[in-house]
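Have a look at work_32.pdb below; it lists PDB, C-alpha atoms, pLDDT in the B column.
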```pdb
ATOM      1  CA  MET E  30     -31.886  10.480 -15.179  1.00 74.00           C
ATOM      2  CA  ALA E  31     -33.576  11.503 -18.429  1.00 78.00           C
ATOM      3  CA  VAL E  32     -35.910  13.731 -16.392  1.00 82.00           C
ATOM      4  CA  VAL E  33     -33.533  14.710 -13.601  1.00 83.00           C
ATOM      5  CA  PHE E  34     -30.914  16.235 -15.902  1.00 80.00           C
ATOM      6  CA  PRO E  35     -33.086  18.809 -17.764  1.00 79.00           C
ATOM      7  CA  VAL E  36     -34.873  19.760 -14.538  1.00 78.00           C
ATOM      8  CA  MET E  37     -31.519  20.281 -12.821  1.00 79.00           C
ATOM      9  CA  ILE E  38     -30.211  22.433 -15.686  1.00 73.00           C
ATOM     10  CA  ALA E  39     -33.430  24.483 -15.714  1.00 73.00           C
ATOM     11  CA  VAL E  40     -33.215  25.395 -12.027  1.00 74.00           C
ATOM     12  CA  LEU E  41     -29.470  26.126 -11.955  1.00 73.00           C
ATOM     13  CA  PRO E  42     -28.014  29.510 -13.032  1.00 67.00           C
ATOM     14  CA  ALA E  43     -27.971  30.156 -16.781  1.00 61.00           C
ATOM     15  CA  GLY E  44     -24.179  30.114 -16.979  1.00 61.00           C
ATOM     16  CA  PHE E  45     -23.998  26.578 -15.605  1.00 60.00           C
ATOM     17  CA  SER E  46     -24.463  25.081 -19.082  1.00 57.00           C
ATOM     18  CA  ARG E  47     -21.055  26.547 -20.015  1.00 62.00           C
ATOM     19  CA  ASP E  48     -19.263  25.434 -16.842  1.00 68.00           C
ATOM     20  CA  VAL E  49     -17.136  22.365 -16.192  1.00 75.00           C
ATOM     21  CA  GLY E  50     -19.862  21.220 -13.807  1.00 79.00           C
ATOM     22  CA  TYR E  51     -22.237  20.803 -16.736  1.00 80.00           C
ATOM     23  CA  ALA E  52     -19.950  18.274 -18.415  1.00 83.00           C
ATOM     24  CA  LEU E  53     -19.262  16.477 -15.135  1.00 86.00           C
ATOM     25  CA  SER E  54     -22.964  16.288 -14.321  1.00 87.00           C
ATOM     26  CA  LYS E  55     -23.583  14.665 -17.694  1.00 87.00           C
ATOM     27  CA  VAL E  56     -20.911  12.067 -17.019  1.00 89.00           C
ATOM     28  CA  ALA E  57     -22.416  11.346 -13.612  1.00 89.00           C
ATOM     29  CA  LEU E  58     -26.081  11.186 -14.643  1.00 87.00           C
ATOM     30  CA  PHE E  59     -25.709   9.625 -18.105  1.00 89.00           C
ATOM     31  CA  LEU E  60     -22.957   7.108 -17.382  1.00 89.00           C
ATOM     32  CA  VAL E  61     -21.928   6.591 -13.766  1.00 90.00           C
ATOM     33  CA  VAL E  62     -25.395   6.463 -12.181  1.00 89.00           C
ATOM     34  CA  PRO E  63     -26.923   4.139 -14.858  1.00 87.00           C
ATOM     35  CA  LEU E  64     -23.983   1.750 -14.648  1.00 87.00           C
ATOM     36  CA  MET E  65     -24.246   1.687 -10.852  1.00 89.00           C
ATOM     37  CA  ALA E  66     -27.998   1.102 -11.095  1.00 86.00           C
ATOM     38  CA  PHE E  67     -27.491  -1.782 -13.520  1.00 81.00           C
ATOM     39  CA  ARG E  68     -24.918  -3.253 -11.162  1.00 81.00           C
ATOM     40  CA  ILE E  69     -27.193  -3.001  -8.139  1.00 84.00           C
ATOM     41  CA  LEU E  70     -30.355  -4.224  -9.876  1.00 78.00           C
ATOM     42  CA  ARG E  71     -28.523  -7.138 -11.462  1.00 72.00           C
ATOM     43  CA  GLY E  72     -27.410  -8.350  -8.056  1.00 60.00           C
ATOM     44  CA  THR E  73     -25.958 -11.813  -8.181  1.00 52.00           C
ATOM     45  CA  GLY E  74     -27.748 -12.782 -11.390  1.00 54.00           C
ATOM     46  CA  PRO E  75     -25.995 -13.577 -14.658  1.00 53.00           C
ATOM     47  CA  SER E  76     -23.927 -10.766 -16.095  1.00 53.00           C
ATOM     48  CA  SER E  77     -25.163  -9.040 -19.240  1.00 50.00           C
ATOM     49  CA  PRO E  78     -23.828  -5.950 -20.979  1.00 52.00           C
ATOM     50  CA  ALA E  79     -25.680  -2.639 -20.711  1.00 50.00           C
ATOM     51  CA  ILE E  80     -25.483  -2.365 -24.498  1.00 53.00           C
ATOM     52  CA  PRO E  81     -26.034  -5.566 -26.523  1.00 52.00           C
ATOM     53  CA  LEU E  82     -22.887  -7.355 -27.609  1.00 47.00           C
ATOM     54  CA  ARG E  83     -23.841  -6.931 -31.256  1.00 51.00           C
ATOM     55  CA  VAL E  84     -22.269  -3.469 -31.130  1.00 49.00           C
ATOM     56  CA  MET E  85     -18.933  -5.248 -30.861  1.00 45.00           C
ATOM     57  CA  ARG E  86     -19.558  -6.576 -34.386  1.00 51.00           C
ATOM     58  CA  PRO E  87     -21.231  -3.516 -35.940  1.00 54.00           C
ATOM     59  CA  ARG E  88     -22.714  -3.460 -39.409  1.00 66.00           C
ATOM     60  CA  TRP E  89     -21.228  -0.425 -41.126  1.00 74.00           C
ATOM     61  CA  LEU E  90     -22.388  -0.391 -44.725  1.00 79.00           C
ATOM     62  CA  ALA E  91     -26.147  -0.838 -44.384  1.00 83.00           C
ATOM     63  CA  PRO E  92     -26.833   2.469 -42.501  1.00 87.00           C
ATOM     64  CA  ILE E  93     -24.593   4.590 -44.754  1.00 87.00           C
ATOM     65  CA  PRO E  94     -27.272   5.601 -47.330  1.00 89.00           C
ATOM     66  CA  ALA E  95     -29.619   6.783 -44.573  1.00 88.00           C
ATOM     67  CA  VAL E  96     -26.818   8.708 -42.872  1.00 89.00           C
ATOM     68  CA  VAL E  97     -25.772  10.407 -46.118  1.00 89.00           C
ATOM     69  CA  ALA E  98     -29.399  11.311 -46.892  1.00 89.00           C
ATOM     70  CA  TRP E  99     -29.856  12.774 -43.406  1.00 86.00           C
ATOM     71  CA  PHE E 100     -26.661  14.814 -43.708  1.00 85.00           C
ATOM     72  CA  CYS E 101     -27.726  16.226 -47.073  1.00 85.00           C
ATOM     73  CA  LEU E 102     -31.184  17.161 -45.808  1.00 83.00           C
ATOM     74  CA  SER E 103     -30.054  18.618 -42.496  1.00 79.00           C
ATOM     75  CA  ARG E 104     -26.832  20.371 -43.528  1.00 79.00           C
ATOM     76  CA  ILE E 105     -26.689  21.208 -47.255  1.00 81.00           C
ATOM     77  CA  SER E 106     -30.254  21.089 -48.631  1.00 80.00           C
ATOM     78  CA  PRO E 107     -32.484  24.201 -49.009  1.00 81.00           C
ATOM     79  CA  LEU E 108     -34.235  23.073 -45.797  1.00 74.00           C
ATOM     80  CA  ALA E 109     -30.998  23.195 -43.789  1.00 76.00           C
ATOM     81  CA  PRO E 110     -30.255  26.169 -41.526  1.00 74.00           C
ATOM     82  CA  PRO E 111     -27.362  28.397 -42.629  1.00 75.00           C
ATOM     83  CA  PRO E 112     -23.952  27.378 -41.240  1.00 75.00           C
ATOM     84  CA  VAL E 113     -22.622  29.326 -38.288  1.00 75.00           C
ATOM     85  CA  PRO E 114     -20.379  32.123 -39.655  1.00 76.00           C
ATOM     86  CA  ALA E 115     -16.707  31.888 -38.761  1.00 74.00           C
ATOM     87  CA  GLU E 116     -16.753  35.266 -37.009  1.00 78.00           C
ATOM     88  CA  ALA E 117     -19.383  33.975 -34.574  1.00 77.00           C
ATOM     89  CA  LEU E 118     -17.113  31.163 -33.381  1.00 78.00           C
ATOM     90  CA  PRO E 119     -14.541  31.506 -30.567  1.00 81.00           C
ATOM     91  CA  ASP E 120     -10.778  31.489 -31.005  1.00 84.00           C
ATOM     92  CA  PRO E 121      -9.227  28.248 -32.364  1.00 84.00           C
ATOM     93  CA  VAL E 122      -8.056  26.920 -28.985  1.00 88.00           C
ATOM     94  CA  THR E 123     -11.394  27.521 -27.285  1.00 86.00           C
ATOM     95  CA  LEU E 124     -13.188  26.041 -30.282  1.00 84.00           C
ATOM     96  CA  ALA E 125     -11.009  22.901 -30.207  1.00 87.00           C
ATOM     97  CA  VAL E 126     -11.539  22.370 -26.469  1.00 87.00           C
ATOM     98  CA  ALA E 127     -15.276  23.037 -26.695  1.00 85.00           C
ATOM     99  CA  SER E 128     -15.568  20.679 -29.676  1.00 86.00           C
ATOM    100  CA  LEU E 129     -13.780  17.897 -27.794  1.00 90.00           C
ATOM    101  CA  VAL E 130     -15.971  18.348 -24.712  1.00 88.00           C
ATOM    102  CA  THR E 131     -19.103  18.378 -26.877  1.00 88.00           C
ATOM    103  CA  LEU E 132     -17.911  15.292 -28.753  1.00 90.00           C
ATOM    104  CA  LEU E 133     -17.558  13.352 -25.512  1.00 91.00           C
ATOM    105  CA  THR E 134     -20.512  14.654 -23.502  1.00 90.00           C
ATOM    106  CA  ALA E 135     -23.039  14.957 -26.338  1.00 90.00           C
ATOM    107  CA  GLY E 136     -21.911  12.757 -29.204  1.00 92.00           C
ATOM    108  CA  VAL E 137     -20.845   9.837 -27.024  1.00 94.00           C
ATOM    109  CA  LEU E 138     -22.636  10.109 -23.678  1.00 94.00           C
ATOM    110  CA  GLU E 139     -26.053  11.119 -25.001  1.00 95.00           C
ATOM    111  CA  GLU E 140     -26.092   8.294 -27.533  1.00 96.00           C
ATOM    112  CA  VAL E 141     -24.917   5.704 -25.018  1.00 94.00           C
ATOM    113  CA  PHE E 142     -27.562   6.856 -22.533  1.00 95.00           C
ATOM    114  CA  TYR E 143     -30.610   7.657 -24.687  1.00 96.00           C
ATOM    115  CA  ARG E 144     -30.149   4.974 -27.306  1.00 95.00           C
ATOM    116  CA  GLY E 145     -27.922   2.301 -25.750  1.00 92.00           C
ATOM    117  CA  PHE E 146     -29.272   2.349 -22.194  1.00 92.00           C
ATOM    118  CA  LEU E 147     -32.752   3.910 -22.237  1.00 94.00           C
ATOM    119  CA  GLN E 148     -34.222   2.933 -25.599  1.00 95.00           C
ATOM    120  CA  THR E 149     -32.952  -0.632 -25.377  1.00 93.00           C
ATOM    121  CA  ARG E 150     -34.734  -1.200 -22.082  1.00 91.00           C
ATOM    122  CA  ILE E 151     -37.964   0.470 -23.163  1.00 95.00           C
ATOM    123  CA  GLU E 152     -37.928  -1.714 -26.282  1.00 94.00           C
ATOM    124  CA  SER E 153     -37.967  -4.828 -24.105  1.00 91.00           C
ATOM    125  CA  LEU E 154     -41.133  -3.530 -22.412  1.00 93.00           C
ATOM    126  CA  LEU E 155     -43.064  -1.660 -25.120  1.00 94.00           C
ATOM    127  CA  GLY E 156     -41.553  -2.585 -28.483  1.00 94.00           C
ATOM    128  CA  ARG E 157     -39.515  -0.733 -31.101  1.00 94.00           C
ATOM    129  CA  TRP E 158     -41.520   2.356 -32.019  1.00 95.00           C
ATOM    130  CA  PRO E 159     -42.860   3.234 -28.556  1.00 96.00           C
ATOM    131  CA  ALA E 160     -39.275   3.009 -27.310  1.00 96.00           C
ATOM    132  CA  ILE E 161     -38.018   5.240 -30.130  1.00 97.00           C
ATOM    133  CA  MET E 162     -40.724   7.838 -29.504  1.00 96.00           C
ATOM    134  CA  VAL E 163     -40.314   7.892 -25.716  1.00 96.00           C
ATOM    135  CA  SER E 164     -36.515   8.103 -25.781  1.00 96.00           C
ATOM    136  CA  SER E 165     -36.614  10.716 -28.574  1.00 96.00           C
ATOM    137  CA  SER E 166     -39.107  12.852 -26.657  1.00 94.00           C
ATOM    138  CA  LEU E 167     -36.942  12.730 -23.538  1.00 94.00           C
ATOM    139  CA  PHE E 168     -33.880  13.478 -25.664  1.00 95.00           C
ATOM    140  CA  ALA E 169     -35.596  16.570 -27.109  1.00 93.00           C
ATOM    141  CA  MET E 170     -36.771  17.737 -23.677  1.00 91.00           C
ATOM    142  CA  MET E 171     -33.197  17.532 -22.418  1.00 90.00           C
ATOM    143  CA  HIS E 172     -32.243  20.340 -24.822  1.00 88.00           C
ATOM    144  CA  LEU E 173     -34.948  22.784 -23.711  1.00 85.00           C
ATOM    145  CA  PRO E 174     -33.077  24.466 -20.816  1.00 82.00           C
ATOM    146  CA  THR E 175     -29.945  25.134 -22.899  1.00 77.00           C
ATOM    147  CA  HIS E 176     -31.459  25.946 -26.311  1.00 75.00           C
ATOM    148  CA  LEU E 177     -34.169  28.450 -25.418  1.00 75.00           C
ATOM    149  CA  GLY E 178     -33.274  31.952 -26.580  1.00 70.00           C
ATOM    150  CA  SER E 179     -34.957  35.325 -26.397  1.00 67.00           C
ATOM    151  CA  GLY E 180     -37.730  34.665 -28.926  1.00 73.00           C
ATOM    152  CA  PRO E 181     -41.332  33.600 -28.313  1.00 81.00           C
ATOM    153  CA  VAL E 182     -41.179  30.710 -25.861  1.00 81.00           C
ATOM    154  CA  LEU E 183     -43.841  28.524 -27.467  1.00 86.00           C
ATOM    155  CA  THR E 184     -42.306  28.938 -30.917  1.00 86.00           C
ATOM    156  CA  GLU E 185     -38.835  28.077 -29.684  1.00 84.00           C
ATOM    157  CA  VAL E 186     -40.080  25.092 -27.681  1.00 86.00           C
ATOM    158  CA  ALA E 187     -41.904  23.784 -30.765  1.00 89.00           C
ATOM    159  CA  MET E 188     -38.793  24.219 -32.918  1.00 86.00           C
ATOM    160  CA  ILE E 189     -36.528  22.492 -30.380  1.00 86.00           C
ATOM    161  CA  LEU E 190     -38.919  19.581 -29.953  1.00 87.00           C
ATOM    162  CA  ALA E 191     -39.363  19.270 -33.720  1.00 87.00           C
ATOM    163  CA  PHE E 192     -35.663  19.432 -34.618  1.00 87.00           C
ATOM    164  CA  GLN E 193     -34.180  17.537 -31.670  1.00 91.00           C
ATOM    165  CA  GLY E 194     -37.115  15.141 -31.620  1.00 92.00           C
ATOM    166  CA  SER E 195     -36.789  14.263 -35.304  1.00 92.00           C
ATOM    167  CA  PHE E 196     -33.042  13.833 -34.870  1.00 93.00           C
ATOM    168  CA  GLY E 197     -33.729  11.557 -31.903  1.00 95.00           C
ATOM    169  CA  VAL E 198     -36.165   9.501 -33.972  1.00 96.00           C
ATOM    170  CA  PHE E 199     -33.562   9.152 -36.716  1.00 95.00           C
ATOM    171  CA  CYS E 200     -30.819   8.019 -34.336  1.00 95.00           C
ATOM    172  CA  GLY E 201     -33.308   5.845 -32.461  1.00 96.00           C
ATOM    173  CA  TYR E 202     -34.296   4.061 -35.655  1.00 95.00           C
ATOM    174  CA  LEU E 203     -30.652   3.547 -36.628  1.00 94.00           C
ATOM    175  CA  TRP E 204     -29.963   2.041 -33.212  1.00 94.00           C
ATOM    176  CA  SER E 205     -33.066  -0.143 -33.261  1.00 93.00           C
ATOM    177  CA  ARG E 206     -32.477  -1.315 -36.818  1.00 90.00           C
ATOM    178  CA  TYR E 207     -28.701  -1.859 -36.862  1.00 89.00           C
ATOM    179  CA  ARG E 208     -27.594  -1.967 -33.206  1.00 88.00           C
ATOM    180  CA  ASN E 209     -24.475  -0.022 -34.171  1.00 89.00           C
ATOM    181  CA  ILE E 210     -23.875   2.602 -31.483  1.00 91.00           C
ATOM    182  CA  TRP E 211     -20.835   3.921 -33.359  1.00 91.00           C
ATOM    183  CA  ILE E 212     -23.004   5.017 -36.289  1.00 92.00           C
ATOM    184  CA  THR E 213     -25.349   7.035 -34.060  1.00 94.00           C
ATOM    185  CA  ILE E 214     -22.372   8.521 -32.214  1.00 94.00           C
ATOM    186  CA  GLY E 215     -20.809   9.511 -35.532  1.00 91.00           C
ATOM    187  CA  VAL E 216     -24.021  11.141 -36.759  1.00 92.00           C
ATOM    188  CA  HIS E 217     -24.402  13.021 -33.481  1.00 93.00           C
ATOM    189  CA  ILE E 218     -20.827  14.273 -33.629  1.00 91.00           C
ATOM    190  CA  ILE E 219     -21.276  15.524 -37.205  1.00 87.00           C
ATOM    191  CA  VAL E 220     -24.464  17.387 -36.273  1.00 85.00           C
ATOM    192  CA  ASN E 221     -22.749  19.150 -33.357  1.00 85.00           C
ATOM    193  CA  LEU E 222     -19.328  19.750 -34.878  1.00 83.00           C
ATOM    194  CA  ALA E 223     -18.671  23.438 -35.537  1.00 76.00           C
ATOM    195  CA  TYR E 224     -15.914  22.559 -38.008  1.00 73.00           C
ATOM    196  CA  ILE E 225     -18.595  21.225 -40.368  1.00 77.00           C
ATOM    197  CA  ASP E 226     -20.125  24.708 -40.392  1.00 72.00           C
ATOM    198  CA  LEU E 227     -16.717  26.199 -41.159  1.00 72.00           C
ATOM    199  CA  LEU E 228     -16.226  23.785 -44.046  1.00 72.00           C
ATOM    200  CA  LEU E 229     -19.716  24.376 -45.451  1.00 68.00           C
ATOM    201  CA  GLY E 230     -19.270  28.124 -45.136  1.00 66.00           C
ATOM    202  CA  TRP E 231     -15.953  27.921 -46.976  1.00 67.00           C
ATOM    203  CA  LEU E 232     -17.442  25.739 -49.750  1.00 65.00           C
ATOM    204  CA  GLY E 233     -20.370  28.122 -50.113  1.00 59.00           C
ATOM    205  CA  ARG E 234     -18.197  31.131 -50.845  1.00 50.00           C
TER     206      ARG E 234
END
```

As structure tokens:
Amino acid sequence: MAVVFPVMIAVLPAGFSRDVGYALSKVALFLVVPLMAFRILRGTGPSSPAIPLRVMRPRWLAPIPAVVAWFCLSRISPLAPPPVPAEALPDPVTLAVASLVTLLTAGVLEEVFYRGFLQTRIESLLGRWPAIMVSSSLFAMMHLPTHLGSGPVLTEVAMILAFQGSFGVFCGYLWSRYRNIWITIGVHIIVNLAYIDLLLGWLGR
């Protein structure tokens, strides 16, 4: 599914990434199909959760310093990109709906799939860091069809792989180290949330 989804988005019309079908395809490929595959492959063997049970007793305090440091570096440090200006955002209703859809399909589904499902299983085969690197690379590749603009292709591909890949490594390490899927979901939501840009833009006035 990690390969099927970006290939599917790349071959479909450009406007598909803004359609309802895009969100539904994410639900199908990142949640429904993996859960069905786990069910089929497990057969009549002992039941085990797709995500380790430790997430039911998450450790909250230990990852906080790393999360705060990442937020400062990626959103408010001199290295951070400028926040999206308010005039570039849609009307409040559209923004609220789009934010909710993004929260569910990106913040939740992508973390459950790439970290909870994919990375966990690669870890059992290859170990921690190979699993982090493989899942992060696939996570970055997933963004290529929707994030390429009108600039030089190689430059944009390098930037997407660098930014999304490093973010994937960060979330992958948090998941591997703390097994707290809610922390990685929270970080992902903050990164994608347009309201953070509005707040930062307001504070920077």

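If only C-alpha atoms are the atoms counted, then among E:Gln193, E:Ser205, E:Thr175, E:Thr134 the closest residue to E:Arg157 is E:Ser205.
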
Test item: residues at most 7 Å from stretch 158-171 of chain E, all atoms listed in the file, excluding those fewer than 2 positions along its chain, as an MDAnalysis selection string
chainID E and resid 31 35 143 147:148 151:152 155:156 173 189:190 193:194 197:198 201:202

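Minimum distance to E:Phe59 across E:Leu183, E:Ser195, E:Met188, E:Leu133 (counting all atoms listed in the file) occurs at E:Leu133.
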
Set the distance at 8 Å and use all atoms listed in the file: which residues neighbour E:Val56 once local chain neighbours fewer than 4 positions away are removed? I'd like the list as a list in words.
Ala52, Leu60, Val61, Thr134 and Leu138 of chain E

Dump as a PDB file, in the frame of the given file, selection limited to C-alpha atoms:
```pdb
ATOM      1  CA  ALA E  52     -19.950  18.274 -18.415  1.00 83.00           C
ATOM      2  CA  LEU E  60     -22.957   7.108 -17.382  1.00 89.00           C
ATOM      3  CA  VAL E  61     -21.928   6.591 -13.766  1.00 90.00           C
ATOM      4  CA  THR E 134     -20.512  14.654 -23.502  1.00 90.00           C
ATOM      5  CA  LEU E 138     -22.636  10.109 -23.678  1.00 94.00           C
TER       6      LEU E 138
END
```

Write out all heavy atoms for stretch 110-121 of chain E, as a JSON list (two decimals), keeping the file's coordinate frame.
```json
[["chain", "number", "residue", "atom", "x", "y", "z"],
["E", 110, "PRO", "N", -30.57, 24.82, -42.02],
["E", 110, "PRO", "CA", -30.26, 26.17, -41.53],
["E", 110, "PRO", "C", -28.90, 26.61, -42.04],
["E", 110, "PRO", "O", -28.04, 25.78, -42.37],
["E", 110, "PRO", "CB", -30.23, 25.99, -40.00],
["E", 110, "PRO", "CG", -29.90, 24.54, -39.80],
["E", 110, "PRO", "CD", -30.55, 23.82, -40.95],
["E", 111, "PRO", "N", -28.67, 27.92, -42.15],
["E", 111, "PRO", "CA", -27.36, 28.40, -42.63],
["E", 111, "PRO", "C", -26.26, 28.02, -41.65],
["E", 111, "PRO", "O", -26.49, 27.97, -40.43],
["E", 111, "PRO", "CB", -27.54, 29.93, -42.69],
["E", 111, "PRO", "CG", -28.65, 30.21, -41.73],
["E", 111, "PRO", "CD", -29.56, 29.03, -41.80],
["E", 112, "PRO", "N", -25.06, 27.71, -42.15],
["E", 112, "PRO", "CA", -23.95, 27.38, -41.24],
["E", 112, "PRO", "C", -23.58, 28.56, -40.37],
["E", 112, "PRO", "O", -23.77, 29.72, -40.75],
["E", 112, "PRO", "CB", -22.82, 26.99, -42.19],
["E", 112, "PRO", "CG", -23.15, 27.65, -43.48],
["E", 112, "PRO", "CD", -24.65, 27.67, -43.56],
["E", 113, "VAL", "N", -23.06, 28.27, -39.20],
["E", 113, "VAL", "CA", -22.62, 29.33, -38.29],
["E", 113, "VAL", "C", -21.44, 30.06, -38.91],
["E", 113, "VAL", "O", -20.46, 29.43, -39.31],
["E", 113, "VAL", "CB", -22.21, 28.73, -36.93],
["E", 113, "VAL", "CG1", -21.70, 29.82, -36.00],
["E", 113, "VAL", "CG2", -23.38, 27.99, -36.30],
["E", 114, "PRO", "N", -21.50, 31.40, -39.04],
["E", 114, "PRO", "CA", -20.38, 32.12, -39.66],
["E", 114, "PRO", "C", -19.12, 32.02, -38.80],
["E", 114, "PRO", "O", -19.19, 31.91, -37.57],
["E", 114, "PRO", "CB", -20.90, 33.57, -39.73],
["E", 114, "PRO", "CG", -21.98, 33.65, -38.70],
["E", 114, "PRO", "CD", -22.60, 32.29, -38.65],
["E", 115, "ALA", "N", -17.98, 32.05, -39.46],
["E", 115, "ALA", "CA", -16.71, 31.89, -38.76],
["E", 115, "ALA", "C", -16.50, 32.96, -37.70],
["E", 115, "ALA", "O", -15.94, 32.69, -36.63],
["E", 115, "ALA", "CB", -15.57, 31.92, -39.78],
["E", 116, "GLU", "N", -16.97, 34.18, -37.97],
["E", 116, "GLU", "CA", -16.75, 35.27, -37.01],
["E", 116, "GLU", "C", -17.57, 35.09, -35.73],
["E", 116, "GLU", "O", -17.28, 35.72, -34.71],
["E", 116, "GLU", "CB", -17.09, 36.62, -37.64],
["E", 116, "GLU", "CG", -18.50, 36.72, -38.21],
["E", 116, "GLU", "CD", -18.56, 36.29, -39.67],
["E", 116, "GLU", "OE1", -17.62, 35.61, -40.13],
["E", 116, "GLU", "OE2", -19.54, 36.65, -40.32],
["E", 117, "ALA", "N", -18.58, 34.22, -35.77],
["E", 117, "ALA", "CA", -19.38, 33.98, -34.57],
["E", 117, "ALA", "C", -18.79, 32.90, -33.67],
["E", 117, "ALA", "O", -19.28, 32.68, -32.56],
["E", 117, "ALA", "CB", -20.82, 33.57, -34.98],
["E", 118, "LEU", "N", -17.75, 32.23, -34.15],
["E", 118, "LEU", "CA", -17.11, 31.16, -33.38],
["E", 118, "LEU", "C", -15.97, 31.71, -32.52],
["E", 118, "LEU", "O", -15.39, 32.75, -32.85],
["E", 118, "LEU", "CB", -16.57, 30.09, -34.33],
["E", 118, "LEU", "CG", -17.63, 29.35, -35.16],
["E", 118, "LEU", "CD1", -16.95, 28.45, -36.20],
["E", 118, "LEU", "CD2", -18.54, 28.52, -34.27],
["E", 119, "PRO", "N", -15.64, 31.04, -31.42],
["E", 119, "PRO", "CA", -14.54, 31.51, -30.57],
["E", 119, "PRO", "C", -13.18, 31.29, -31.21],
["E", 119, "PRO", "O", -13.08, 30.79, -32.33],
["E", 119, "PRO", "CB", -14.72, 30.65, -29.30],
["E", 119, "PRO", "CG", -15.38, 29.40, -29.79],
["E", 119, "PRO", "CD", -16.29, 29.83, -30.91],
["E", 120, "ASP", "N", -12.14, 31.67, -30.49],
["E", 120, "ASP", "CA", -10.78, 31.49, -31.00],
["E", 120, "ASP", "C", -10.48, 30.00, -31.19],
["E", 120, "ASP", "O", -11.17, 29.15, -30.62],
["E", 120, "ASP", "CB", -9.77, 32.10, -30.04],
["E", 120, "ASP", "CG", -9.79, 31.41, -28.68],
["E", 120, "ASP", "OD1", -9.04, 30.44, -28.49],
["E", 120, "ASP", "OD2", -10.58, 31.86, -27.81],
["E", 121, "PRO", "N", -9.47, 29.66, -32.01],
["E", 121, "PRO", "CA", -9.23, 28.25, -32.36],
["E", 121, "PRO", "C", -9.01, 27.32, -31.17],
["E", 121, "PRO", "O", -9.49, 26.19, -31.18],
["E", 121, "PRO", "CB", -7.97, 28.33, -33.24],
["E", 121, "PRO", "CG", -8.01, 29.70, -33.83],
["E", 121, "PRO", "CD", -8.61, 30.58, -32.77]]
```
